[in-house]
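Novice: Below is upload_37.txt; it holds compact mmCIF, C-alpha atoms.
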```
# COMPACT_ATOMS: atom_id res chain seq x y z
CA MET I 930 -19.82 -0.13 3.08
CA THR I 931 -20.13 -1.07 -0.58
CA ARG I 932 -19.02 2.20 -2.07
CA THR I 933 -16.88 1.91 -5.15
CA PRO I 934 -13.64 3.89 -5.02
CA ARG I 935 -13.43 6.34 -7.88
CA SER I 936 -9.78 7.07 -7.39
CA PHE I 937 -7.80 4.68 -9.48
CA ARG I 938 -8.36 6.04 -13.00
CA THR I 939 -4.97 5.47 -14.52
CA VAL I 940 -3.78 5.48 -18.12
CA THR I 941 -5.76 3.70 -20.81
CA ALA I 942 -4.84 0.12 -21.58
CA THR I 943 -3.49 0.96 -25.03
CA ALA I 944 -1.25 3.74 -23.77
CA ALA I 945 0.00 1.58 -20.95
CA VAL I 946 1.02 -1.22 -23.27
CA ALA I 947 2.82 1.14 -25.61
CA ALA I 948 4.69 2.84 -22.80
CA LEU I 949 5.49 -0.25 -20.75
CA GLY I 950 6.50 -2.53 -23.58
CA LEU I 951 4.46 -5.24 -21.87
CA LEU I 952 3.68 -7.27 -24.94
CA ALA I 953 7.31 -7.94 -25.74
CA THR I 954 8.24 -9.08 -22.26
CA ALA I 955 5.09 -11.11 -21.84
CA CYS I 956 5.67 -13.11 -25.00
CA GLY I 957 9.25 -13.79 -23.98
CA GLY I 958 8.40 -14.78 -20.42
CA GLY I 959 5.99 -17.60 -21.16
CA SER I 960 3.00 -18.54 -19.09
CA GLY I 961 4.48 -21.25 -16.91
CA SER I 962 3.14 -24.75 -16.45
CA THR I 963 -0.21 -25.52 -14.88
CA GLY I 964 1.41 -28.38 -13.01
CA ASP I 965 -1.84 -30.00 -11.90
CA ALA I 966 -1.52 -33.01 -9.64
CA SER I 967 -1.27 -35.64 -12.37
CA ASP I 968 0.12 -38.15 -9.88
CA GLY I 969 -2.95 -37.82 -7.69
CA LYS I 970 -1.10 -36.00 -4.94
CA PRO I 971 -1.94 -32.46 -3.83
CA VAL I 972 -0.14 -29.64 -5.60
CA THR I 973 2.03 -27.62 -3.21
CA ILE I 974 2.51 -23.95 -3.99
CA ASP I 975 4.73 -21.39 -2.27
CA TYR I 976 3.30 -18.07 -1.10
CA TRP I 977 5.49 -15.13 -0.05
CA THR I 978 4.03 -12.03 1.58
CA TRP I 979 4.39 -9.53 4.40
CA THR I 980 0.67 -8.85 4.85
CA LEU I 981 -1.11 -9.20 8.18
CA GLY I 982 -3.31 -12.24 8.67
CA ALA I 983 -1.51 -14.25 5.97
CA LYS I 984 -0.77 -17.29 8.10
CA SER I 985 -4.37 -17.68 9.22
CA THR I 986 -5.56 -17.54 5.61
CA VAL I 987 -3.09 -20.22 4.59
CA ASP I 988 -4.15 -22.43 7.48
CA ALA I 989 -7.82 -22.01 6.59
CA PHE I 990 -7.20 -22.73 2.90
CA ASN I 991 -5.19 -25.85 3.64
CA LYS I 992 -7.91 -27.20 5.93
CA THR I 993 -10.60 -26.83 3.29
CA HIS I 994 -8.74 -27.75 0.07
CA LYS I 995 -7.51 -31.25 -0.70
CA ASP I 996 -5.95 -30.78 -4.15
CA VAL I 997 -3.87 -27.66 -3.43
CA LYS I 998 -1.68 -27.00 -0.40
CA VAL I 999 0.01 -23.67 0.32
CA ARG I 1000 3.41 -23.20 1.95
CA PHE I 1001 3.73 -19.76 3.56
CA THR I 1002 6.90 -17.65 3.92
CA GLU I 1003 6.97 -14.17 5.42
CA ILE I 1004 9.22 -11.65 3.64
CA PRO I 1005 9.99 -7.96 4.33
CA SER I 1006 7.78 -5.25 2.90
CA GLY I 1007 8.98 -2.38 0.71
CA THR I 1008 12.02 -2.31 -1.53
CA GLU I 1009 13.73 -5.12 0.37
CA GLY I 1010 10.84 -7.48 -0.26
CA TYR I 1011 10.60 -6.64 -3.96
CA SER I 1012 14.33 -7.09 -4.42
CA LYS I 1013 13.99 -10.51 -2.83
CA LEU I 1014 11.19 -11.44 -5.21
CA ALA I 1015 12.99 -10.15 -8.32
CA ASN I 1016 16.19 -11.95 -7.35
CA ALA I 1017 14.25 -15.16 -6.75
CA VAL I 1018 12.82 -14.97 -10.28
CA LYS I 1019 16.32 -14.52 -11.70
CA ALA I 1020 17.62 -17.46 -9.65
CA GLY I 1021 14.76 -19.69 -10.73
CA ASN I 1022 13.43 -20.28 -7.23
CA ALA I 1023 10.62 -17.75 -6.99
CA PRO I 1024 7.39 -18.53 -5.13
CA ASP I 1025 4.24 -19.31 -7.06
CA VAL I 1026 2.20 -16.53 -5.42
CA ALA I 1027 3.38 -13.20 -4.04
CA THR I 1028 1.93 -9.92 -2.88
CA ILE I 1029 2.46 -7.16 -5.44
CA GLU I 1030 1.39 -3.65 -4.45
CA TYR I 1031 -0.26 -1.65 -7.19
CA GLN I 1032 2.71 0.67 -7.64
CA MET I 1033 4.87 -2.32 -8.52
CA VAL I 1034 2.60 -4.07 -11.02
CA PRO I 1035 3.81 -2.10 -14.11
CA GLU I 1036 7.46 -2.60 -13.20
CA PHE I 1037 7.18 -6.29 -12.36
CA ALA I 1038 5.14 -6.99 -15.49
CA SER I 1039 7.42 -5.02 -17.82
CA GLN I 1040 10.49 -6.80 -16.42
CA GLY I 1041 9.00 -10.21 -17.12
CA ASN I 1042 8.58 -11.17 -13.46
CA LEU I 1043 4.84 -11.88 -13.70
CA ILE I 1044 2.91 -14.55 -15.56
CA ASP I 1045 -0.04 -13.39 -17.66
CA LEU I 1046 -3.12 -14.45 -15.66
CA THR I 1047 -5.73 -13.55 -18.26
CA LYS I 1048 -6.62 -17.19 -18.89
CA TYR I 1049 -6.78 -18.04 -15.21
CA ALA I 1050 -8.14 -14.93 -13.48
CA GLY I 1051 -9.07 -12.42 -16.17
CA GLU I 1052 -12.79 -13.07 -15.88
CA THR I 1053 -12.62 -12.86 -12.09
CA VAL I 1054 -10.98 -9.45 -12.24
CA LYS I 1055 -13.44 -8.26 -14.88
CA THR I 1056 -16.56 -9.32 -12.98
CA LYS I 1057 -15.60 -8.99 -9.30
CA PHE I 1058 -13.83 -5.63 -9.15
CA PRO I 1059 -14.70 -2.05 -10.15
CA LYS I 1060 -13.27 -0.85 -13.45
CA SER I 1061 -11.18 1.72 -11.62
CA ILE I 1062 -9.44 -1.12 -9.74
CA GLN I 1063 -9.14 -3.29 -12.84
CA SER I 1064 -7.05 -0.59 -14.50
CA LEU I 1065 -4.32 -1.05 -11.90
CA VAL I 1066 -3.73 -4.69 -12.78
CA THR I 1067 -4.80 -5.01 -16.41
CA PHE I 1068 -2.82 -3.66 -19.37
CA GLY I 1069 -3.55 -4.22 -23.05
CA GLY I 1070 -6.35 -6.61 -22.22
CA ARG I 1071 -4.00 -8.79 -20.16
CA THR I 1072 -4.50 -9.41 -16.47
CA TRP I 1073 -1.26 -9.46 -14.51
CA THR I 1074 -2.41 -9.62 -10.89
CA VAL I 1075 -5.66 -9.89 -8.92
CA PRO I 1076 -6.60 -6.98 -6.60
CA TYR I 1077 -7.00 -7.53 -2.88
CA ASP I 1078 -7.37 -4.20 -1.10
CA VAL I 1079 -7.41 -0.44 -1.52
CA ALA I 1080 -5.55 1.74 0.96
CA PRO I 1081 -7.01 5.21 1.53
CA GLN I 1082 -4.98 7.37 3.91
CA LEU I 1083 -6.26 7.78 7.47
CA PHE I 1084 -5.12 9.97 10.36
CA TYR I 1085 -4.78 8.08 13.66
CA TYR I 1086 -4.67 10.03 16.92
CA ARG I 1087 -4.71 9.61 20.70
CA THR I 1088 -8.08 10.88 21.89
CA ASP I 1089 -6.96 11.25 25.51
CA LEU I 1090 -3.78 13.16 24.69
CA PHE I 1091 -5.45 15.44 22.16
CA LYS I 1092 -7.79 16.41 24.98
CA LYS I 1093 -4.89 16.85 27.41
CA TYR I 1094 -3.03 19.23 25.09
CA GLY I 1095 -6.17 21.03 24.00
CA ILE I 1096 -5.93 20.27 20.31
CA THR I 1097 -8.56 19.15 17.83
CA VAL I 1098 -8.19 16.83 14.87
CA PRO I 1099 -6.60 18.93 12.10
CA LYS I 1100 -8.65 19.26 8.94
CA THR I 1101 -5.98 21.03 6.91
CA TRP I 1102 -2.19 20.92 6.84
CA ASP I 1103 -2.17 24.46 8.17
CA ASP I 1104 -4.20 23.20 11.14
CA PHE I 1105 -1.70 20.36 11.51
CA LYS I 1106 1.24 22.75 11.79
CA LYS I 1107 -0.57 24.91 14.34
CA ALA I 1108 -1.39 21.84 16.42
CA ALA I 1109 2.24 20.70 16.23
CA GLU I 1110 3.39 24.10 17.49
CA LYS I 1111 0.89 24.01 20.35
CA VAL I 1112 2.02 20.56 21.49
CA LYS I 1113 5.71 21.48 21.45
CA GLU I 1114 5.05 24.68 23.40
CA GLN I 1115 3.47 22.67 26.20
CA ASP I 1116 5.95 19.80 26.33
CA LYS I 1117 9.25 19.87 24.46
CA SER I 1118 9.59 16.09 24.76
CA VAL I 1119 6.33 15.44 22.90
CA ARG I 1120 5.49 15.87 19.22
CA LEU I 1121 2.25 15.74 17.30
CA ALA I 1122 3.54 13.21 14.77
CA SER I 1123 6.53 11.65 13.06
CA LEU I 1124 7.22 11.45 9.32
CA PRO I 1125 9.67 8.66 8.48
CA LYS I 1126 12.40 9.48 6.00
CA ASN I 1127 12.55 5.85 4.92
CA ASP I 1128 8.98 5.57 3.61
CA PRO I 1129 8.73 6.92 0.04
CA ALA I 1130 5.33 5.24 -0.33
CA LEU I 1131 3.93 7.60 2.30
CA LEU I 1132 5.51 10.58 0.57
CA ALA I 1133 3.95 9.41 -2.70
CA ALA I 1134 0.53 9.21 -1.04
CA LEU I 1135 0.90 12.73 0.33
CA ALA I 1136 1.96 14.01 -3.10
CA TRP I 1137 -0.97 12.18 -4.67
CA GLN I 1138 -3.34 13.86 -2.21
CA ALA I 1139 -1.93 17.27 -3.13
CA GLY I 1140 -2.58 16.70 -6.84
CA GLY I 1141 0.87 15.51 -7.87
CA LYS I 1142 1.33 13.13 -10.79
CA TRP I 1143 4.65 11.32 -10.73
CA PHE I 1144 4.09 9.49 -14.02
CA GLY I 1145 1.89 9.74 -17.07
CA THR I 1146 1.93 8.86 -20.74
CA GLN I 1147 2.06 10.87 -23.93
CA GLY I 1148 1.41 8.66 -26.93
CA ASP I 1149 3.93 5.83 -26.62
CA ALA I 1150 6.23 7.76 -24.28
CA TRP I 1151 6.40 8.20 -20.52
CA LYS I 1152 6.10 11.55 -18.79
CA THR I 1153 7.65 12.07 -15.36
CA GLY I 1154 6.83 14.51 -12.58
CA VAL I 1155 8.28 13.15 -9.35
CA ASP I 1156 9.37 16.71 -8.54
CA ASP I 1157 6.27 18.46 -9.90
CA ALA I 1158 4.92 21.57 -8.19
CA ALA I 1159 2.45 19.71 -5.96
CA THR I 1160 5.10 17.27 -4.77
CA LYS I 1161 7.60 20.03 -4.11
CA LYS I 1162 4.98 21.82 -2.01
CA VAL I 1163 4.52 18.69 0.09
CA ALA I 1164 8.26 18.07 0.42
CA ALA I 1165 8.99 21.67 1.39
CA TYR I 1166 6.20 21.60 3.97
CA TRP I 1167 7.66 18.57 5.74
CA ASP I 1168 11.21 19.88 5.45
CA GLY I 1169 9.96 23.00 7.23
CA LEU I 1170 8.35 21.02 10.03
CA VAL I 1171 11.54 19.01 10.50
CA LYS I 1172 13.70 22.16 10.46
CA ASP I 1173 11.49 23.77 13.10
CA ASP I 1174 11.62 20.57 15.18
CA LEU I 1175 7.83 20.24 15.12
CA VAL I 1176 7.76 16.57 14.11
CA GLN I 1177 9.91 13.52 14.71
CA THR I 1178 11.56 11.48 11.96
CA PHE I 1179 11.74 8.03 13.50
CA THR I 1180 12.52 5.20 11.12
CA GLY I 1181 9.20 3.77 10.02
CA TYR I 1182 8.10 0.61 11.84
CA SER I 1183 11.15 0.78 14.13
CA PRO I 1184 11.14 -0.01 17.88
CA GLU I 1185 11.86 3.67 18.52
CA GLU I 1186 8.78 4.76 16.60
CA THR I 1187 6.57 2.25 18.41
CA LYS I 1188 8.02 3.18 21.81
CA ALA I 1189 7.31 6.88 21.27
CA ARG I 1190 3.67 6.12 20.45
CA ALA I 1191 3.36 3.75 23.41
CA GLU I 1192 4.78 6.32 25.83
CA GLY I 1193 2.65 9.17 24.52
CA LYS I 1194 5.61 11.02 23.01
CA THR I 1195 3.98 10.85 19.57
CA LEU I 1196 0.31 11.79 19.59
CA SER I 1197 -0.74 10.78 16.08
CA PHE I 1198 0.49 9.21 12.87
CA LEU I 1199 -0.22 9.19 9.16
CA GLY I 1200 -1.48 5.78 8.19
CA ALA I 1201 -3.96 3.98 5.96
CA SER I 1202 -6.89 1.61 6.28
CA TRP I 1203 -4.49 -1.29 6.84
CA SER I 1204 -2.76 0.41 9.81
CA ALA I 1205 -5.51 -0.34 12.32
CA GLY I 1206 -4.89 -4.06 12.47
CA GLY I 1207 -1.25 -3.73 13.43
CA MET I 1208 -2.03 -1.30 16.23
CA LYS I 1209 -3.78 -4.02 18.20
CA THR I 1210 -0.59 -6.06 18.44
CA ALA I 1211 1.97 -3.23 18.51
CA LEU I 1212 0.15 -1.10 21.11
CA PRO I 1213 -2.14 -3.47 23.04
CA ASP I 1214 -2.10 -1.41 26.25
CA LEU I 1215 -3.59 1.60 24.48
CA LYS I 1216 -6.88 -0.04 23.64
CA GLY I 1217 -9.67 2.52 23.68
CA LYS I 1218 -7.34 5.49 23.38
CA TRP I 1219 -7.00 5.72 19.59
CA ALA I 1220 -9.37 6.94 16.91
CA ALA I 1221 -9.14 7.48 13.16
CA ALA I 1222 -10.12 10.47 11.03
CA PRO I 1223 -9.71 11.70 7.46
CA MET I 1224 -6.21 12.82 6.59
CA PRO I 1225 -5.65 16.60 6.79
CA SER I 1226 -5.82 18.14 3.32
CA TRP I 1227 -4.58 21.27 1.59
CA SER I 1228 -8.01 22.76 0.87
CA ALA I 1229 -10.98 20.62 -0.15
CA PRO I 1230 -11.06 17.13 1.37
CA ALA I 1231 -8.86 14.81 -0.67
CA GLY I 1232 -6.77 11.70 -0.24
CA GLY I 1233 -4.10 9.51 -1.74
CA ASN I 1234 -3.65 5.77 -1.89
CA TYR I 1235 -1.04 4.57 0.60
CA GLY I 1236 -0.18 1.09 -0.63
CA GLY I 1237 -2.88 -1.33 -1.68
CA THR I 1238 -2.11 -4.91 -2.63
CA SER I 1239 -2.76 -7.46 -5.31
CA TYR I 1240 -1.60 -11.03 -5.85
CA GLY I 1241 0.42 -12.27 -8.78
CA VAL I 1242 1.99 -15.50 -10.01
CA LEU I 1243 5.72 -15.16 -10.55
CA THR I 1244 7.56 -16.29 -13.64
CA GLY I 1245 8.79 -19.85 -13.33
CA SER I 1246 5.76 -21.18 -11.47
CA LYS I 1247 4.90 -24.75 -12.45
CA HIS I 1248 1.47 -24.55 -10.83
CA VAL I 1249 -0.31 -21.57 -12.34
CA GLU I 1250 -3.83 -23.00 -12.13
CA ALA I 1251 -3.38 -23.96 -8.49
CA ALA I 1252 -1.89 -20.56 -7.74
CA ALA I 1253 -4.82 -18.82 -9.44
CA GLU I 1254 -7.26 -20.93 -7.43
CA PHE I 1255 -5.60 -19.81 -4.19
CA ILE I 1256 -5.53 -16.16 -5.28
CA THR I 1257 -9.21 -16.21 -6.25
CA TRP I 1258 -10.09 -17.67 -2.86
CA LEU I 1259 -7.99 -15.01 -1.09
CA THR I 1260 -9.59 -12.08 -2.88
CA THR I 1261 -13.22 -12.99 -3.56
CA ASN I 1262 -14.23 -15.76 -1.15
CA LYS I 1263 -16.01 -14.96 2.11
CA ALA I 1264 -14.02 -17.62 3.94
CA GLY I 1265 -10.73 -16.14 2.72
CA VAL I 1266 -11.56 -12.66 3.97
CA GLU I 1267 -12.86 -13.98 7.28
CA ALA I 1268 -9.74 -16.09 7.77
CA ARG I 1269 -7.49 -13.10 7.28
CA LEU I 1270 -9.37 -11.18 9.95
CA ALA I 1271 -9.52 -14.15 12.32
CA ASP I 1272 -5.78 -14.08 13.02
CA LEU I 1273 -5.62 -12.66 16.54
CA THR I 1274 -1.81 -12.51 16.59
CA SER I 1275 -1.62 -10.69 13.26
CA PRO I 1276 -5.02 -9.08 12.61
CA SER I 1277 -5.76 -7.33 9.34
CA SER I 1278 -7.87 -4.23 8.74
CA ALA I 1279 -7.37 -4.11 4.98
CA LEU I 1280 -10.26 -2.63 2.98
CA PRO I 1281 -11.14 -5.22 0.30
CA ALA I 1282 -11.13 -4.03 -3.29
CA ASN I 1283 -14.10 -6.30 -3.98
CA PRO I 1284 -17.07 -4.26 -2.68
CA ASP I 1285 -19.00 -7.36 -1.62
CA MET I 1286 -16.14 -8.45 0.62
CA ARG I 1287 -16.15 -5.15 2.53
CA LYS I 1288 -19.35 -6.21 4.26
CA VAL I 1289 -17.70 -9.46 5.26
CA ALA I 1290 -14.60 -7.70 6.58
CA ALA I 1291 -16.56 -5.07 8.49
CA ALA I 1292 -18.69 -7.72 10.18
CA LYS I 1293 -15.63 -9.71 11.25
CA PHE I 1294 -13.29 -6.90 12.32
CA ASP I 1295 -13.14 -6.29 16.09
CA THR I 1296 -13.72 -2.57 16.63
CA SER I 1297 -13.32 -2.64 20.41
CA TYR I 1298 -9.76 -1.31 20.21
CA PHE I 1299 -11.20 1.88 18.68
CA ASN I 1300 -14.18 2.13 21.03
CA GLY I 1301 -16.54 0.74 18.43
CA GLN I 1302 -15.62 3.21 15.68
CA ASP I 1303 -16.69 1.91 12.26
CA LEU I 1304 -13.32 2.01 10.53
CA TYR I 1305 -14.60 0.30 7.39
CA ALA I 1306 -17.25 2.95 6.84
CA LEU I 1307 -14.62 5.68 7.28
CA ALA I 1308 -12.14 3.93 4.98
CA SER I 1309 -14.79 3.43 2.30
CA ARG I 1310 -15.65 7.14 2.37
CA GLU I 1311 -11.99 8.10 2.18
CA ALA I 1312 -11.45 5.73 -0.74
CA ASP I 1313 -14.05 7.77 -2.59
CA ALA I 1314 -12.06 10.94 -1.83
CA ILE I 1315 -8.79 9.77 -3.41
CA VAL I 1316 -7.72 12.16 -6.18
CA PRO I 1317 -8.11 10.52 -9.63
CA GLY I 1318 -5.48 10.50 -12.35
CA TRP I 1319 -2.44 8.98 -10.62
CA THR I 1320 -0.20 6.64 -12.66
CA TRP I 1321 2.59 4.40 -11.41
CA GLY I 1322 5.80 4.15 -13.41
CA PRO I 1323 7.85 1.31 -14.89
CA ASP I 1324 10.86 1.90 -12.60
CA GLN I 1325 9.07 2.57 -9.32
CA MET I 1326 11.38 0.58 -7.06
CA ASP I 1327 14.47 2.47 -8.24
CA VAL I 1328 12.64 5.77 -7.82
CA TYR I 1329 11.67 4.83 -4.28
CA THR I 1330 15.24 3.85 -3.46
CA ALA I 1331 16.60 7.15 -4.79
CA ILE I 1332 14.06 9.12 -2.78
CA GLN I 1333 14.71 7.16 0.40
CA ASP I 1334 18.52 7.37 0.19
CA THR I 1335 18.62 11.08 -0.58
CA THR I 1336 15.89 12.06 1.88
CA ALA I 1337 17.80 10.40 4.71
CA LYS I 1338 20.81 12.61 3.96
CA SER I 1339 19.39 15.86 2.61
CA GLY I 1340 15.65 16.09 3.25
CA PHE I 1341 12.40 15.50 1.41
CA LEU I 1342 12.82 18.15 -1.29
CA ALA I 1343 16.21 16.82 -2.27
CA GLY I 1344 14.71 13.34 -2.18
CA VAL I 1345 11.99 14.01 -4.75
CA GLU I 1346 14.50 15.78 -7.00
CA ALA I 1347 16.68 12.68 -6.86
CA GLY I 1348 13.60 10.59 -7.55
CA GLU I 1349 12.86 12.60 -10.68
CA ARG I 1350 16.38 12.09 -12.00
CA LYS I 1351 16.11 8.36 -11.40
CA ALA I 1352 12.66 8.21 -13.00
CA GLU I 1353 14.00 9.75 -16.20
CA SER I 1354 17.17 7.67 -16.38
CA GLY I 1355 15.32 4.48 -15.44
CA ILE I 1356 12.88 4.85 -18.31
CA THR I 1357 15.59 5.41 -20.90
CA ASP I 1358 17.79 2.66 -19.43
CA ARG I 1359 14.91 0.22 -19.95
CA GLY I 1360 14.69 1.19 -23.61
CA LEU I 1361 11.37 2.98 -23.15
CA LYS I 1362 10.54 6.39 -24.56
CA LEU I 1363 10.70 9.49 -22.40
CA ALA I 1364 8.58 12.49 -23.34
CA ARG I 1365 10.53 15.74 -23.36
```
Could you rewrite the structure in this file as structure tokens?
Specialist:
Amino acid sequence: MTRTPRSFRTVTATAAVAALGLLATACGGGSGSTGDASDGKPVTIDYWTWTLGAKSTVDAFNKTHKDVKVRFTEIPSGTEGYSKLANAVKAGNAPDVATIEYQMVPEFASQGNLIDLTKYAGETVKTKFPKSIQSLVTFGGRTWTVPYDVAPQLFYYRTDLFKKYGITVPKTWDDFKKAAEKVKEQDKSVRLASLPKNDPALLAALAWQAGGKWFGTQGDAWKTGVDDAATKKVAAYWDGLVKDDLVQTFTGYSPEETKARAEGKTLSFLGASWSAGGMKTALPDLKGKWAAAPMPSWSAPAGGNYGGTSYGVLTGSKHVEAAAEFITWLTTNKAGVEARLADLTSPSSALPANPDMRKVAAAKFDTSYFNGQDLYALASREADAIVPGWTWGPDQMDVYTAIQDTTAKSGFLAGVEAGERKAESGITDRGLKLAR
């Protein structure tokens, strides 16, 4: 349960700074005001997130802290949520603390949306998290966010329906296709799985697993590969399954997608460590009928990171010290982790990035929904299997939007090609160097 993921070996700090142009934006953005309660009253900070268990953590923090109070607001996940955060910074009404997934840290930092937390949380990140995780939030010796969780991919499946249709958990993507064919042959109203066309983060994780590298650096220039050979293989595979009507393409997190799972019309789904918590509330009547397994792979067992969150302080915050105190409690304090898992209406199954907190989370998480399966042990093993060498780019949100919009109209292969074009133009539009 305390295994250290070896998967997040990104670019070196020096190369990242040169390519991102972080130093220039950081100096221009300022560090905000500490805003301590000089009048003797508690400091109130705003916290925006979409993560499960957030309200219970805020309630627990507010009960145990007199000098800092947190005001919680739920926002959408994905591109909509990041647009909301970026627009709030521009308008001067951004929250103090927000969830920033790892893929968005370079972009948010390079655009001046994040306050440099080196003074307030740099030592925490350096001493409480593995170096491989530190590299996702630290550039040029500056700490921009504090890690919370890692998100290895997991394959969730209905044990009773797999038995009914005579299929076993697929170990490879070839096995997955064969199982999909077998299910359709037996019942044309049922499919093995659904791959949403509106979830570029999932497509990125699948490309990562296959050995793709969407971004990299060459000296002080960015390299792009959103449509590299590995990613094209993945995109073509899913286009083929869609063309042959072997999988569904429900909108991710939609009522239609949930209904199909609830009614047994979708037998499995491609998720991550964090998916388990939401299943308890979305599919309560299916308790005891789901299990998790490693994601199918192309050859040797491998995985990709599907999400993963950190916490940052947004530019304009007047209470940086208070915000850093709350973030540190969220990510490294036993009470913070336990509070997140104690929320019965919005339970979390996130795998903490801090290895010591994984023990806490595993002890608190209710495994009865999965018939006692040790999901944290599985997730920790799969974190170790994530392919190293992936780098996120400085225009990730625009790339995601291009992929999502084009995939909806023309398929996954066309989507990654559109993503590559946007990756290249986004880098040059930001005044950064593009390797040719």
Novice: Looking at all atoms listed in the file, which of I:Val1112, I:Ala1139, I:Leu1132, I:Ala1290 is the one that sits closest to Ala1229 of chain I?
Specialist: I:Ala1139
Novice: For Asn991 of chain I, which residue among I:Lys1060, I:Ala1268, I:Asp1045, I:Gly1141 is the nearest when counting all atoms listed in the file?
Specialist: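 Counting all atoms listed in the file, the residue closest to Asn991 of chain I is I:Ala1268.
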Novice: What does the distance from atom CA of Ala1312 of chain I to atom CA of Pro1081 of chain I come to in Å, to one decimal?
Specialist: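 Going from atom CA of Ala1312 of chain I over to atom CA of Pro1081 of chain I, I get 5.0 Å.
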Novice: Which residue gives the smallest distance to Trp979 of chain I among I:Ile1004, I:Ile1356, I:Val1034, I:Leu1270, with only C-alpha atoms counted?
Specialist: I:Ile1004
Novice: At most 7 Å from (-13.4, 6.5, 7.8), file frame, all atoms listed in the file: which residues, as a ChimeraX atom specification?
Specialist: /I:1221-1223,1304-1311
Novice: Do you have the atom CA of Ala1331 of chain I-atom CA of Arg1350 of chain I distance handy?
Specialist: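 Separation of atom CA of Ala1331 of chain I and atom CA of Arg1350 of chain I: 8.7 Å.
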Novice: With all atoms listed in the file as the atoms that count, which of I:Ala1201, I:Leu1280, I:Ile974, I:Leu1170 lies nearest to Leu1131 of chain I?
Specialist: I:Ala1201
Novice: Figure out the distance between atom CA of Ala1189 of chain I and atom CA of Lys1092 of chain I, please, to one decimal in Å.
Specialist: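 Atom CA of Lys1092 of chain I sits 18.2 Å away from atom CA of Ala1189 of chain I.
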